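Comments concern the structure below.
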Amino acid sequence: MRQALLAALLMMVGILSACSNNSSAPASHEEVQENVQNFYNEMSKFDEMGKSSLEAFNTALTSYSTGKASDSEMEKAVDDFQDTASDIADEVKDVKISKSLPENIRKLLKESVIAFQSAYSIKEKASKSAVSPDVTAEEFQDMNQQADVAMLYGISKLNEARVAAGLIEPGSAATDTLAGAGTGTAADSKPGTDSQANTGTTDIQVNPQTGKGTSVTEIK
């Protein structure tokens with residue numbers, strides 16, 4: 001499943017790269033660093049937005065699963081989270097990548113954008129399925145896992161671009177996460193299942209050498 005998702009992301013990047021026309025004058029080293037840093041700042045802003053929305057959604061989901069929240073309250077929480085995830089996906093898609101950047105860095109940032117957009121789109125679908133009787137707990141967890149994979153891939157590519165731009169050193173502690181460090185998926189279990197609903201956020205940690213990582217859910 002993870003390999004298939006990454007293959008799809010890479011295919012989308014290849015298509016976009018083939019259609020691009022880099023006719024701008026090459027950027028200076030300082031301009032490259034400024035562009036990549038601005039891109040990182042934008043992704044960190046979206047990460048923080050997603051983190052806050054996720055915490056509110058997980059709180060509502062836990063309350064609903066324990067009978068402390070009504071159907072209408074849960075429906076509002078789902079709608080709010082869906083709206084936020086959808087808005088972030090749209091805003092990520094609109095982030096500009098300068099054509100004057102070196103092609104290797106442009107390619108890394110494009111891959112990052114596609115992965116982040118995919119992650120937030122999956123989060124939007126997962127939030128709706130959390131209370132859907134047509135979606136099993138296993139399917140719900142699978143969507144969460146897919147969102148994690150896409151998010152980790154996006155972070156790893158963004159960190160590679162930061163290394164290539166000379167903003168950070170390979171293997172440095174700064175390559176581990178985005179500034180917000182906490183954009184995760186919805187709780188790992190659906191209401192009405194035997195599993196305990198998890199509340200909290202997912203701390204995404206990436207190995208800068210491999211781009212692989214794990215998600216650690218903090219249960220509060």
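Going by the structure tokens order, chains are called A, B, ..., each with residues numbered from 1, while ligands are numbered from 1 in the order shown.
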
Per residue of region 69-99 of chain A within 8 Å of region 36-51 of chain A, record the nearest atom pair and its distance in Å to one decimal, counting only C-alpha atoms, with rows in chain order and ascending residue number, as JSON lines.
```
{"residue": "A:Thr84", "atom": "CA", "partner": "A:Gly50", "partner_atom": "CA", "distance": 7.2}
{"residue": "A:Ala85", "atom": "CA", "partner": "A:Gly50", "partner_atom": "CA", "distance": 6.9}
{"residue": "A:Ile88", "atom": "CA", "partner": "A:Phe46", "partner_atom": "CA", "distance": 6.3}
{"residue": "A:Val92", "atom": "CA", "partner": "A:Met43", "partner_atom": "CA", "distance": 7.5}
{"residue": "A:Val95", "atom": "CA", "partner": "A:Phe39", "partner_atom": "CA", "distance": 7.7}
{"residue": "A:Ile97", "atom": "CA", "partner": "A:Phe39", "partner_atom": "CA", "distance": 7.9}
```

For this session: Assign secondary structure with DSSP using the backbone only, and return the residues of region 21-179 of chain A in helix (DSSP H, G or I) as a ChimeraX atom specification.
Result: /A:29-65,71-93,103-129,137-164,173-175

Problem set entry | Pick from A:Ser172, A:Asn35, A:Ser65, A:Ser132 nearest to Leu109 (chain A), counting only C-alpha atoms |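 Among the listed residues, A:Asn35 lies closest to Leu109 (chain A).
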
Exercise. Hey, what's within 9 Å of Ser112 (chain A) if we count only C-alpha atoms and toss same-chain stuff fewer than 6 positions away? As a PyMOL selection string, please?
Worked result: chain A and resi 151+153-158

Selection file, all heavy atoms, as an mmCIF file, in the first residue's frame:
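To be explicit, this is the file written out as again_9.cif:
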```
data_model
loop_
_atom_site.group_PDB
_atom_site.id
_atom_site.type_symbol
_atom_site.label_atom_id
_atom_site.label_comp_id
_atom_site.auth_asym_id
_atom_site.auth_seq_id
_atom_site.Cartn_x
_atom_site.Cartn_y
_atom_site.Cartn_z
ATOM 1 N N MET A 151 2.446 12.426 4.245
ATOM 2 C CA MET A 151 3.014 13.529 5.010
ATOM 3 C C MET A 151 4.512 13.323 5.248
ATOM 4 O O MET A 151 5.322 14.242 5.099
ATOM 5 C CB MET A 151 2.285 13.657 6.349
ATOM 6 C CG MET A 151 2.735 14.844 7.185
ATOM 7 S SD MET A 151 2.379 16.440 6.401
ATOM 8 C CE MET A 151 0.593 16.484 6.544
ATOM 9 N N TYR A 153 6.569 11.592 3.429
ATOM 10 C CA TYR A 153 7.258 11.762 2.153
ATOM 11 C C TYR A 153 7.452 13.247 1.850
ATOM 12 O O TYR A 153 8.534 13.674 1.413
ATOM 13 C CB TYR A 153 6.461 11.079 1.048
ATOM 14 C CG TYR A 153 7.160 11.065 -0.289
ATOM 15 C CD1 TYR A 153 8.154 10.129 -0.556
ATOM 16 C CD2 TYR A 153 6.821 11.976 -1.286
ATOM 17 C CE1 TYR A 153 8.803 10.108 -1.785
ATOM 18 C CE2 TYR A 153 7.459 11.961 -2.508
ATOM 19 C CZ TYR A 153 8.448 11.027 -2.752
ATOM 20 O OH TYR A 153 9.091 11.011 -3.971
ATOM 21 N N GLY A 154 6.402 14.028 2.076
ATOM 22 C CA GLY A 154 6.498 15.470 1.835
ATOM 23 C C GLY A 154 7.548 16.127 2.705
ATOM 24 O O GLY A 154 8.314 16.986 2.249
ATOM 25 N N ILE A 155 7.595 15.744 3.976
ATOM 26 C CA ILE A 155 8.582 16.307 4.895
ATOM 27 C C ILE A 155 9.993 15.926 4.475
ATOM 28 O O ILE A 155 10.915 16.750 4.496
ATOM 29 C CB ILE A 155 8.304 15.842 6.338
ATOM 30 C CG1 ILE A 155 7.020 16.493 6.873
ATOM 31 C CG2 ILE A 155 9.468 16.190 7.264
ATOM 32 C CD1 ILE A 155 6.581 15.980 8.220
ATOM 33 N N SER A 156 10.177 14.665 4.078
ATOM 34 C CA SER A 156 11.514 14.220 3.693
ATOM 35 C C SER A 156 12.014 14.974 2.469
ATOM 36 O O SER A 156 13.192 15.356 2.392
ATOM 37 C CB SER A 156 11.522 12.705 3.442
ATOM 38 O OG SER A 156 10.812 12.371 2.263
ATOM 39 N N LYS A 157 11.125 15.215 1.488
ATOM 40 C CA LYS A 157 11.529 15.938 0.282
ATOM 41 C C LYS A 157 11.812 17.416 0.585
ATOM 42 O O LYS A 157 12.731 18.009 0.016
ATOM 43 C CB LYS A 157 10.461 15.815 -0.806
ATOM 44 C CG LYS A 157 10.340 14.393 -1.346
ATOM 45 C CD LYS A 157 11.673 13.898 -1.872
ATOM 46 C CE LYS A 157 11.657 12.435 -2.211
ATOM 47 N NZ LYS A 157 12.986 11.948 -2.658
ATOM 48 N N LEU A 158 11.025 17.998 1.469
ATOM 49 C CA LEU A 158 11.272 19.377 1.866
ATOM 50 C C LEU A 158 12.620 19.489 2.580
ATOM 51 O O LEU A 158 13.392 20.429 2.348
ATOM 52 C CB LEU A 158 10.141 19.868 2.778
ATOM 53 C CG LEU A 158 10.297 21.263 3.393
ATOM 54 C CD1 LEU A 158 10.615 22.301 2.337
ATOM 55 C CD2 LEU A 158 9.034 21.635 4.162
#
```

For this session: Please identify all polymer residues within 10 Å of Ser129 (chain A), counting only C-alpha atoms, omitting same-chain residues fewer than 3 positions from it, and present them as a PyMOL selection string.
Result: chain A and resi 78+123-126+132-137+139-140+143+190

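Minimum distance to Phe116 (chain A) across A:Gly166, A:Glu138, A:Ser53, A:Leu178 (counting only C-alpha atoms) occurs at A:Leu178.
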
For this session: Tell me, in Å to one decimal, how far CA of Lys68 (chain A) is from CA of Ser52 (chain A).
Result: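 Here the two named atoms are 21.0 Å from each other.
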
Exercise. Interatomic distance between CA of Glu34 (chain A) and CA of Ala147 (chain A)?
Worked result: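 Distance between the two atoms: 28.8 Å.
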
For this session: Could you tell me how far CA of Ser98 (chain A) lies from CA of Ala164 (chain A), in Å and to one decimal?
Result: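 One can read the CA of Ser98 (chain A) to CA of Ala164 (chain A) distance as 15.4 Å.
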